[in-house]
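Contents: one structure, followed by commentary.
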Amino acid sequence: MAKFKLILLGAGRVGTAFLEILARKRKILEEKYNLEYELVGISDLKYGSILDNDGIPINKILKTIREKGRFIDNTSSKEDIDNITLIKSSDSNLLIETTWSNIKDGEPALTHILSSIRLGKHVVTTNKGPFAVAYKKIIDEAKKHNVFVRFEGTVLSGTPVISLARECLAGCEIIEIQGILNGTTNYILTRMEEGISFNEALREAQKLGYAETDPSSDIDGWDAAAKAVILANSIMNGNLTINDVFREGIRNISTRYIQENIEKGRRTKLLANIIKEGKKIYVEVKPRDLPISHPLSSVMGPTNAVTFKTDHLNRVTIIGPGAGPIEAAQALVMDMITINNYLEWR
Ligand SMILES: NC(=O)c1ccc[n+]([C@@H]2O[C@H](COP(=O)([O-])OP(=O)(O)OC[C@H]3O[C@@H](n4cnc5c(N)ncnc54)[C@H](OP(=O)(O)O)[C@@H]3O)[C@@H](O)[C@H]2O)c1
């Protein structure tokens with residue numbers, strides 16, 4: 001039976017939701033999935049860091065984050081060590097990476113992930129930055145060092161789009177992928193259809209916590225482009241980076257344009273389109289006017305969806321939440337269970 005010794009980097013919304021699941025579901029995860037784990041290291045810019053190879057009680061960590069805003073250490077542990085030392089000097093065999101997503105150069109997560117891989121430690125993450133800029137490098141290193149790297153939560157959060165394509169659709173050729181990959185823009189377009197302006201809809205999305213304070217990542221299509229690259233690389237065996245994506249956001253779309261489209265039986269969506277032609281893969285993210293009858297037209301609000309066009313099954317669509325801490329944490333748990341299964345089948 002595999003026993004995971006975990007390091008968690010980044011104890012923000014997703015990291016703490018993950019710890020809460022591990023604390024709450026320990027018994028069921030062990031009984032149903034044979035999943036055993038203990039936390040041996042944790043680090044967050046706000047709360048400090050702890051390394052304790054004898055195990056750090058997860059409930060205690062959650063309590064001290066809530067009550068003291070800082071990890072409390074026991075006397076035998078070292079505090080505030082840097083992330084790379086934490087990875088190197090711990091007995092961990094699995095890194096959970098949930099620091100912030102940087103789609104310019106993937107850092108600091110890229111270094112965390114590569115350092116773990118090179119030490120023979122498996123990696124599970126929701127962080128899209130490293131995979132949008134250095135997918136091939138990460139996968140090549142993982143193969144070289146014989147470790148598993150899983151990143152389901154990088155696209156559509158806990159809605160299992162990557163696993164669906166790679167595992168459940170195995171044997172099908174996936175010819176085209178179309179997706180609504182960003183919940184903020186889909187929410188804004190939905191509200192504009194109901195009559196409010198772009199700026200009002202954006203302010204609403206920010207108030208509801210969907211949009212970032214700097215909304216460019218969402219409304220200029222960067223976030224969707226990063227996710228589209230991950231889909232193209234992981235599902236179609238591509239070697240693309242975010243710079244290969246043709247990208248256009250929704251800044252210049254008016255409420256009037258959206259409403260006139262509806263009258264003509266069409267709905268405007270920020271769509272990622274990934275097409276494979278021979279060995280070439282083309283990726284674009286841009287607003288598209290879809291017929292109302294299109295399966296992605298009915299996806300409203302912050303919900304996300306992806307349609308795979310395949311040779312054996314024609315079109316397969318998955319719809320679900322594309323964000324949220326508990327949803328992303330679910331992806332981390334699912335990836336951990338999958339790695340555990342692989343290790344047990346070896
Ligand atoms: N939230 C979602 O709905 C969602 C869904 C899918 C995927 N994701 C991805 O999951 C990751 C985490 O998201 P989140 O919502 O939990 O973000 P978050 O609440 O901002 O948490 C990230 C945490 O990482 C910490 N951090 C940043 N750099 C660090 C470093 N070098 N070492 C240690 N800790 C560091 C941050 O500290 P400071 O705050 O002090 O900087 C913060 O506490 C991101 O990559 C995000 O893109 C999020």
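FYI, nothing fancy with the structure tokens labels: chains A, B, ... in order, residues from 1 per chain, ligands from 1 as they appear.
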If the limit is 6 Å from any atom of ligand 1, counting only C-alpha atoms and all ligand atoms, which residues qualify? Return them as a list of chain:residue names.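 Result of the 6 Å neighbour search around ligand 1: A:Leu9, A:Gly10, A:Ala11, A:Gly12, A:Arg13, A:Val14, A:Gly15, A:Ser43, A:Asp44, A:Leu45, A:Lys46, A:Thr98, A:Thr99, A:Trp100, A:Ser101, A:Pro108, A:Thr126, A:Asn127, A:Gly153, A:Thr154, A:Ser157, A:Ala323, A:Gly324, A:Pro325, A:Ala328.
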Run DSSP on the backbone of this structure and report the residues of stretch 77-260 of chain A it assigns to alpha helix (DSSP H), as a PyMOL selection string. chain A and resi 83-89+109-118+128-133+135-144+161-163+183-193+198-207+216-219+222-236+255-260
Calculated over only C-alpha atoms, which of the candidates A:Asn340, A:Asn237, A:Asn261, A:Thr159 has the smallest distance to A:Lys276? A:Asn237
Hey, can you check how far atom CA of A:Leu8 sits from atom CA of A:Val155?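 Interatomic distance here is 19.9 Å.
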If I take atom CA of A:Ala109 and atom CA of A:Thr85, how far is one from the other in Å, to one decimal? 14.4 Å
Set the distance at 12 Å and use only C-alpha atoms: which residues neighbour A:Leu271 once local chain neighbours fewer than 2 positions away are removed? I'd like the list as number ranges by chain. A: 177-183, 185-186, 189, 221, 223-225, 227-228, 246-250, 267-269, 273-274, 283-290, 296-297, 299, 304-307
Which residue gives the smallest distance to A:Val123 among A:Asn102, A:Asn146, A:Ser234, A:Thr303, with only C-alpha atoms counted?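 Counting only C-alpha atoms, the residue closest to A:Val123 is A:Asn146.
Between A:His312 and the candidates A:Asp82, A:Cys172, A:Thr184, A:Val245, the tightest atom-to-atom separation, counting only C-alpha atoms, involves A:Cys172.
Of the residues under consideration (A:Ser293, A:Ser115, A:Ser217, A:Thr64), A:Ser293 shows the shortest atom-to-atom contact distance to A:Arg266 when counting only C-alpha atoms.
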Do you have the atom CA of A:Leu313-atom CA of A:Gly171 distance handy?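 These two atoms are separated by 10.6 Å.
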Enumerate as a VMD selection string all residues of stretch 60-205 of chain A assigned to strand (DSSP E) by DSSP on the backbone, naming them with the chain letters and numbers the document uses. chain A and resid 78 to 79 94 to 97 122 to 125 149 to 150 174 to 180
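Minimum distance to A:Thr317 across A:Arg191, A:Leu169, A:Asp335, A:Met300 (counting only C-alpha atoms) occurs at A:Leu169.
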Among listed residues A:Asp105, A:Glu97, A:Asp214, A:Glu263, nearest A:Thr241 (using only C-alpha atoms):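 Closest candidate: A:Asp105.
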Near A:Ile81, counting only C-alpha atoms, which residues have an atom at most 9 Å away, once you skip same-chain residues fewer than 3 positions from it, shown as a list of chain:residue names?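 Within the cut-off, the hits are A:Ser43, A:Gly48, A:Ser49, A:Ile50, A:Leu51, A:Lys78, A:Ile84, A:Thr85, A:Leu86.
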Would you kindly return, as a PDB file with N, CA, C and O atoms, in the first residue's frame, each protein, DNA or RNA residue with an atom no farther than 10 Å from any atom of stretch 24-33 of chain A, considering only C-alpha atoms and excluding same-chain residues fewer than 3 positions away?
```pdb
ATOM      1  N   PHE A  18      -8.190  21.751   0.494  1.00  0.00           N
ATOM      2  CA  PHE A  18      -7.601  20.413   0.339  1.00  0.00           C
ATOM      3  C   PHE A  18      -7.331  19.795   1.718  1.00  0.00           C
ATOM      4  O   PHE A  18      -7.686  18.638   1.982  1.00  0.00           O
ATOM      5  N   LEU A  19      -6.724  20.584   2.610  1.00  0.00           N
ATOM      6  CA  LEU A  19      -6.447  20.063   3.962  1.00  0.00           C
ATOM      7  C   LEU A  19      -7.743  19.696   4.685  1.00  0.00           C
ATOM      8  O   LEU A  19      -7.804  18.697   5.405  1.00  0.00           O
ATOM      9  N   GLU A  20      -8.780  20.503   4.448  1.00  0.00           N
ATOM     10  CA  GLU A  20     -10.059  20.201   5.105  1.00  0.00           C
ATOM     11  C   GLU A  20     -10.612  18.864   4.622  1.00  0.00           C
ATOM     12  O   GLU A  20     -11.107  18.064   5.416  1.00  0.00           O
ATOM     13  N   ILE A  21     -10.505  18.597   3.318  1.00  0.00           N
ATOM     14  CA  ILE A  21     -10.979  17.291   2.806  1.00  0.00           C
ATOM     15  C   ILE A  21     -10.146  16.164   3.421  1.00  0.00           C
ATOM     16  O   ILE A  21     -10.680  15.155   3.868  1.00  0.00           O
ATOM     17  N   GLU A  36      -3.601   6.400   2.033  1.00  0.00           N
ATOM     18  CA  GLU A  36      -3.061   6.774   3.347  1.00  0.00           C
ATOM     19  C   GLU A  36      -2.103   7.934   3.164  1.00  0.00           C
ATOM     20  O   GLU A  36      -1.321   7.941   2.211  1.00  0.00           O
ATOM     21  N   TYR A  37      -2.146   8.872   4.080  1.00  0.00           N
ATOM     22  CA  TYR A  37      -1.290  10.052   3.905  1.00  0.00           C
ATOM     23  C   TYR A  37      -0.962  10.685   5.239  1.00  0.00           C
ATOM     24  O   TYR A  37      -1.685  10.513   6.224  1.00  0.00           O
ATOM     25  N   ILE A  58      -3.045  17.625  10.746  1.00  0.00           N
ATOM     26  CA  ILE A  58      -3.725  18.516   9.796  1.00  0.00           C
ATOM     27  C   ILE A  58      -4.778  19.375  10.509  1.00  0.00           C
ATOM     28  O   ILE A  58      -4.900  20.568  10.255  1.00  0.00           O
ATOM     29  N   ASN A  59      -5.514  18.765  11.423  1.00  0.00           N
ATOM     30  CA  ASN A  59      -6.542  19.537  12.143  1.00  0.00           C
ATOM     31  C   ASN A  59      -5.937  20.694  12.928  1.00  0.00           C
ATOM     32  O   ASN A  59      -6.507  21.780  12.997  1.00  0.00           O
ATOM     33  N   VAL A 333      -7.498  15.754  -4.782  1.00  0.00           N
ATOM     34  CA  VAL A 333      -7.770  14.460  -4.140  1.00  0.00           C
ATOM     35  C   VAL A 333      -7.899  13.368  -5.204  1.00  0.00           C
ATOM     36  O   VAL A 333      -7.336  12.277  -5.072  1.00  0.00           O
ATOM     37  N   ILE A 337      -5.587   9.987  -5.601  1.00  0.00           N
ATOM     38  CA  ILE A 337      -6.147   8.624  -5.641  1.00  0.00           C
ATOM     39  C   ILE A 337      -5.659   7.909  -6.905  1.00  0.00           C
ATOM     40  O   ILE A 337      -5.281   6.737  -6.865  1.00  0.00           O
ATOM     41  N   THR A 338      -5.624   8.638  -8.013  1.00  0.00           N
ATOM     42  CA  THR A 338      -5.181   8.024  -9.276  1.00  0.00           C
ATOM     43  C   THR A 338      -3.718   7.585  -9.165  1.00  0.00           C
ATOM     44  O   THR A 338      -3.362   6.478  -9.578  1.00  0.00           O
ATOM     45  N   ASN A 340      -2.114   6.872  -6.468  1.00  0.00           N
ATOM     46  CA  ASN A 340      -2.104   5.737  -5.542  1.00  0.00           C
ATOM     47  C   ASN A 340      -2.461   4.443  -6.281  1.00  0.00           C
ATOM     48  O   ASN A 340      -1.808   3.411  -6.103  1.00  0.00           O
ATOM     49  N   ASN A 341      -3.488   4.520  -7.140  1.00  0.00           N
ATOM     50  CA  ASN A 341      -3.887   3.333  -7.916  1.00  0.00           C
ATOM     51  C   ASN A 341      -2.749   2.881  -8.831  1.00  0.00           C
ATOM     52  O   ASN A 341      -2.432   1.698  -8.894  1.00  0.00           O
TER      53      ASN A 341
END
```
